[in-house]
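Read the structure below first, then the notes.
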Amino acid sequence: MPNLDFSLLEKIATSLPGAIFQILQKQDNSLIISASSGCHQLCELKPEAIENDFNILLNLLRSHDIQTFTELVTTSTITLAPWCWEGEILTPSGKLKWVQISVHPEKQANGDILWEGLVMDITTHKLTAENLRTSESRYKAILDAIPDLIFRISGDGKYLDFKGEGADITIPRAEIVGKSLWDLLPSDVANDSYIAIRRTLASHSLQTCEYRLLTPLGIRDYEARLVVSGREEVLAIVRDITENKQSETTLKHLAEKFSKAFRYSPDPITISTLAEGRYIDVNDSFVRLAGYEREEAVGKTAFELNIWANPSDRIQLLRELQNKGAVSNLEFEFRCKSGEVIIAQLSAEIIDLEGVKCILAINKNITKRKQAESQLYKLNTNLERQVEERTAQLQEKMQEIQELSRIKDVMLHTVSHDLRTSVIGNLMVLNNLIREGMGNREKQLEESEQSQNLSSLPIAQSIVERMIQGNERQLGMIDSLLEINSSDAKVLMMNQEVVQFSTLIKAIVQDIASLLNKYQAKLENLIGENLPTVKADQELLRKLFVTLLTYVCQNNPPGLNIILKARVEAGKIRCTIQDDGIGISKIECDRFFDLHIREPQSRSSTCTSLKLYMCRQMIKAHGGEISVISNRKRGLTILFTLPIVND
């Protein structure tokens, strides 16, 4: 082996953590190998074994590295370029090691190639690097997962680096890195941040600071956490805490409201432990009602204060709370410090107070209300007894009234029958006298001439006629009284039919033609043909028109003009009877259809008044209304309504 001074190499190799070797590749591709003793520690092979068979060294390579290694050697043989290879080997004992092979080829004068190289065990280095990469990846993943802004800031307040991925806002790096706190933040925030940085570097402990900034999203609150990350350098993790601040403010306000509601509630409120009933807090209303000062009650149980008048009531309360979680308006008796027992209406709910199950209870003193209810119950009992007694008395009176009414009806019908019989008899006699007098008129005239008393017959006939009229009025009054008594005692008997209103009015106008002729009155029917149907008793409506027209004709001079009109209004037919006769006063209009005795100077008799009253009863029985008004210029307008039949 030419020019190989391996003894020198051996001395050098003993001080290296690996092995050195020389390989002489002759032109016939035979190999002469020399290896240092370090190869035994490196790959668990003796130098002699490697020198005798180079392939034993190649067999240590991992299968996926053999091709790469072979290609590298082939290329170096051609180019004679130095090369370095790193890979894994598996020692005969099964240890996996990383090795680095550095080779320098040199062509000899005779054409042989001398390979000189160094094999280093880099397992520790590789594992360290791998662990470092794993740690860096882990830390990078953690940083990427943190939804906060992260800054590296120098001790003098300059931004060195910035991480904004995953944060709620995006800031270009160029606007951050290289700038100072005072370039980007308001002066007061920058000064506070600088103080926090210096405090962190001085104490080498976590420091926090909060500040508020105006952003495109409005005013936001931020919290910065600072830790030392290097010499004169801190790492600042900045988080948007606006929502947290708002929640804290809301909770604070709620706590303040609850505290005020608790303290100043007009009803006693207590907070006690669920297990023992030990008072944790009581409000001022409880102090005023129970008589115990707050210091006396807090820390004591209700049993120790002897507050439960019936101790079993608390067991009932606990049972209700366990089943429902909350109860409302349960009534219990409680004993005050003075010994007075009151009745309270209790509402309670189980709450969690710093991990301890407690009862929040609200009491309402209802003692006075209960006493009032008791008194009211007694009063009601007495009142009910009195009502029963009065009811019995009223029933007796009603029976008496009913008996009197029955007697009245019997007397009315008896007297009316007797009067009616007498009046009808008088009418028959008077009418016979008139007829006989008319038949013997000439004979009576001759006798009158002979006796020279020419005025005796006419005077006698006029008296008879007035007597007939008087008896007819009495008969009409008797009939009206009987009819009124019948309508007041029970519902007016009607035979209703569905009829066309305009057709019904035409028939009625034809029936009363003789009445109009008698009083020389004219009637103009302006009721149209297209009016809807009504449900009516035609005979009662005929009586209605006869009575109304008789009134207006009797109380006006001959030649009276009467107009009939009708229209649909609010689901009813509104009919009017208008004349151009003499008007009446408002008082008379208001009492026109009332049942009362007419004054002697009144325009109509009591008999007519009774018939007008019956007109109102007829219209009411049909479900309508009737009234009269006196026209401004002259005459009256009588109007009434009838409900329309719905299809």
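All residue names refer to the structure tokens as shown: chains lettered A, B, ... in order, residues numbered from 1 in each chain, ligands numbered from 1 in order.
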Excluding range 52-60 of chain A and any residue of its chain fewer than 4 positions from it, enumerate the residues within 8 Å of it, using only C-alpha atoms, and give them as a ChimeraX atom specification. /A:33,48,66,89-92
What's the 9 Å shell around Lys179 in chain A, counting only C-alpha atoms, without same-chain residues fewer than 5 positions away, as JSON, numbers by chain? {"A": [157, 158, 159, 160, 174, 184]}
Keeping C-alpha atoms for every residue in the selection just given, could you write it to a file as a tab-separated table (two decimals), in the first residue's frame?
chain	number	residue	atom	x	y	z
A	157	GLY	CA	-39.59	49.47	23.72
A	158	LYS	CA	-38.86	48.50	20.10
A	159	TYR	CA	-40.86	45.80	18.32
A	160	LEU	CA	-38.49	42.99	17.21
A	174	ALA	CA	-44.07	46.25	8.08
A	184	LEU	CA	-47.94	52.90	17.48
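Checking A:Gly230, A:Cys615, A:Glu223, A:Glu276 one by one against Asn244 in chain A, counting only C-alpha atoms, you find the shortest gap at A:Glu223.
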Could you write out, as a ChimeraX atom specification, all the residues of range 116-221 of chain A that DSSP marks as strand (DSSP E or B)? /A:116-121,149-154,158-163,180,207-215,218-221
Please report as JSON lines every residue of range 511-597 of chain A lying within 12 Å of range 608-612 of chain A, along with the nearest atom pair and their distance in Å (one decimal), using only C-alpha atoms.
{"residue": "A:Leu540", "atom": "CA", "partner": "A:Lys611", "partner_atom": "CA", "distance": 11.9}
{"residue": "A:Lys543", "atom": "CA", "partner": "A:Lys611", "partner_atom": "CA", "distance": 9.3}
{"residue": "A:Leu544", "atom": "CA", "partner": "A:Leu612", "partner_atom": "CA", "distance": 8.4}
{"residue": "A:Phe545", "atom": "CA", "partner": "A:Leu612", "partner_atom": "CA", "distance": 10.5}
{"residue": "A:Val546", "atom": "CA", "partner": "A:Lys611", "partner_atom": "CA", "distance": 10.0}
{"residue": "A:Thr547", "atom": "CA", "partner": "A:Lys611", "partner_atom": "CA", "distance": 6.6}
{"residue": "A:Leu548", "atom": "CA", "partner": "A:Leu612", "partner_atom": "CA", "distance": 7.3}
{"residue": "A:Leu549", "atom": "CA", "partner": "A:Leu612", "partner_atom": "CA", "distance": 10.9}
{"residue": "A:Thr550", "atom": "CA", "partner": "A:Thr608", "partner_atom": "CA", "distance": 9.0}
{"residue": "A:Tyr551", "atom": "CA", "partner": "A:Thr608", "partner_atom": "CA", "distance": 7.3}
{"residue": "A:Val552", "atom": "CA", "partner": "A:Thr608", "partner_atom": "CA", "distance": 11.0}
{"residue": "A:Gln554", "atom": "CA", "partner": "A:Thr608", "partner_atom": "CA", "distance": 10.2}
{"residue": "A:Asn555", "atom": "CA", "partner": "A:Thr608", "partner_atom": "CA", "distance": 11.0}
{"residue": "A:Glu588", "atom": "CA", "partner": "A:Ser609", "partner_atom": "CA", "distance": 11.4}
{"residue": "A:Cys589", "atom": "CA", "partner": "A:Leu612", "partner_atom": "CA", "distance": 11.9}
{"residue": "A:Arg591", "atom": "CA", "partner": "A:Ser609", "partner_atom": "CA", "distance": 9.7}
{"residue": "A:Phe592", "atom": "CA", "partner": "A:Leu612", "partner_atom": "CA", "distance": 7.4}
{"residue": "A:Phe593", "atom": "CA", "partner": "A:Leu612", "partner_atom": "CA", "distance": 5.3}
{"residue": "A:Asp594", "atom": "CA", "partner": "A:Ser609", "partner_atom": "CA", "distance": 7.6}
{"residue": "A:Leu595", "atom": "CA", "partner": "A:Leu610", "partner_atom": "CA", "distance": 6.3}
{"residue": "A:His596", "atom": "CA", "partner": "A:Ser609", "partner_atom": "CA", "distance": 7.2}
{"residue": "A:Ile597", "atom": "CA", "partner": "A:Ser609", "partner_atom": "CA", "distance": 7.5}
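Remark: for Asn283 in chain A, the closest of the candidate residues A:Val298, A:Leu523, A:Ala392, A:Ile50 is A:Val298 (distances computed over only C-alpha atoms).
Counting from CA of Lys572 in chain A, the distance to CA of Gly624 in chain A is 8.3 Å.
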Polymer residues at most 6 Å from range 512-521 of chain A, only C-alpha atoms, same-chain spacing of 6 or more positions, as a count of residues only: 3
Shell of 12 Å around range 255-260 of chain A, only C-alpha atoms, local chain residues under 3 positions omitted, as a PyMOL selection string: chain A and resi 247-252+263-266+269+281-284
Could the residues in this selection be saved with C-alpha atoms as a PDB file, in the first residue's frame?
ATOM      1  CA  SER A 247     -69.365  40.615  31.134  1.00  0.00           C
ATOM      2  CA  GLU A 248     -67.554  41.691  34.288  1.00  0.00           C
ATOM      3  CA  THR A 249     -69.330  45.042  34.170  1.00  0.00           C
ATOM      4  CA  THR A 250     -72.673  43.329  33.625  1.00  0.00           C
ATOM      5  CA  LEU A 251     -72.012  40.926  36.478  1.00  0.00           C
ATOM      6  CA  LYS A 252     -70.920  43.801  38.666  1.00  0.00           C
ATOM      7  CA  ARG A 263     -80.881  45.074  51.319  1.00  0.00           C
ATOM      8  CA  TYR A 264     -83.794  47.365  50.551  1.00  0.00           C
ATOM      9  CA  SER A 265     -86.526  44.869  49.698  1.00  0.00           C
ATOM     10  CA  PRO A 266     -89.693  45.557  51.705  1.00  0.00           C
ATOM     11  CA  ILE A 269     -85.017  37.930  52.556  1.00  0.00           C
ATOM     12  CA  ASP A 281     -77.091  36.721  55.399  1.00  0.00           C
ATOM     13  CA  VAL A 282     -80.361  38.503  56.208  1.00  0.00           C
ATOM     14  CA  ASN A 283     -81.703  41.855  55.031  1.00  0.00           C
ATOM     15  CA  ASP A 284     -83.017  44.838  56.975  1.00  0.00           C
TER      16      ASP A 284
END
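Note that the spacing between CA of Val234 in chain A and CA of Leu217 in chain A amounts to 28.0 Å.
Put simply, CA of Met494 in chain A is 10.7 Å away from CA of Lys535 in chain A.
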At a cut-off of 9 Å, using only C-alpha atoms, what residues contact Val103 in chain A? Leave out same-chain residues fewer than 3 positions from it and give the result as number ranges by chain. A: 81-85, 115-119
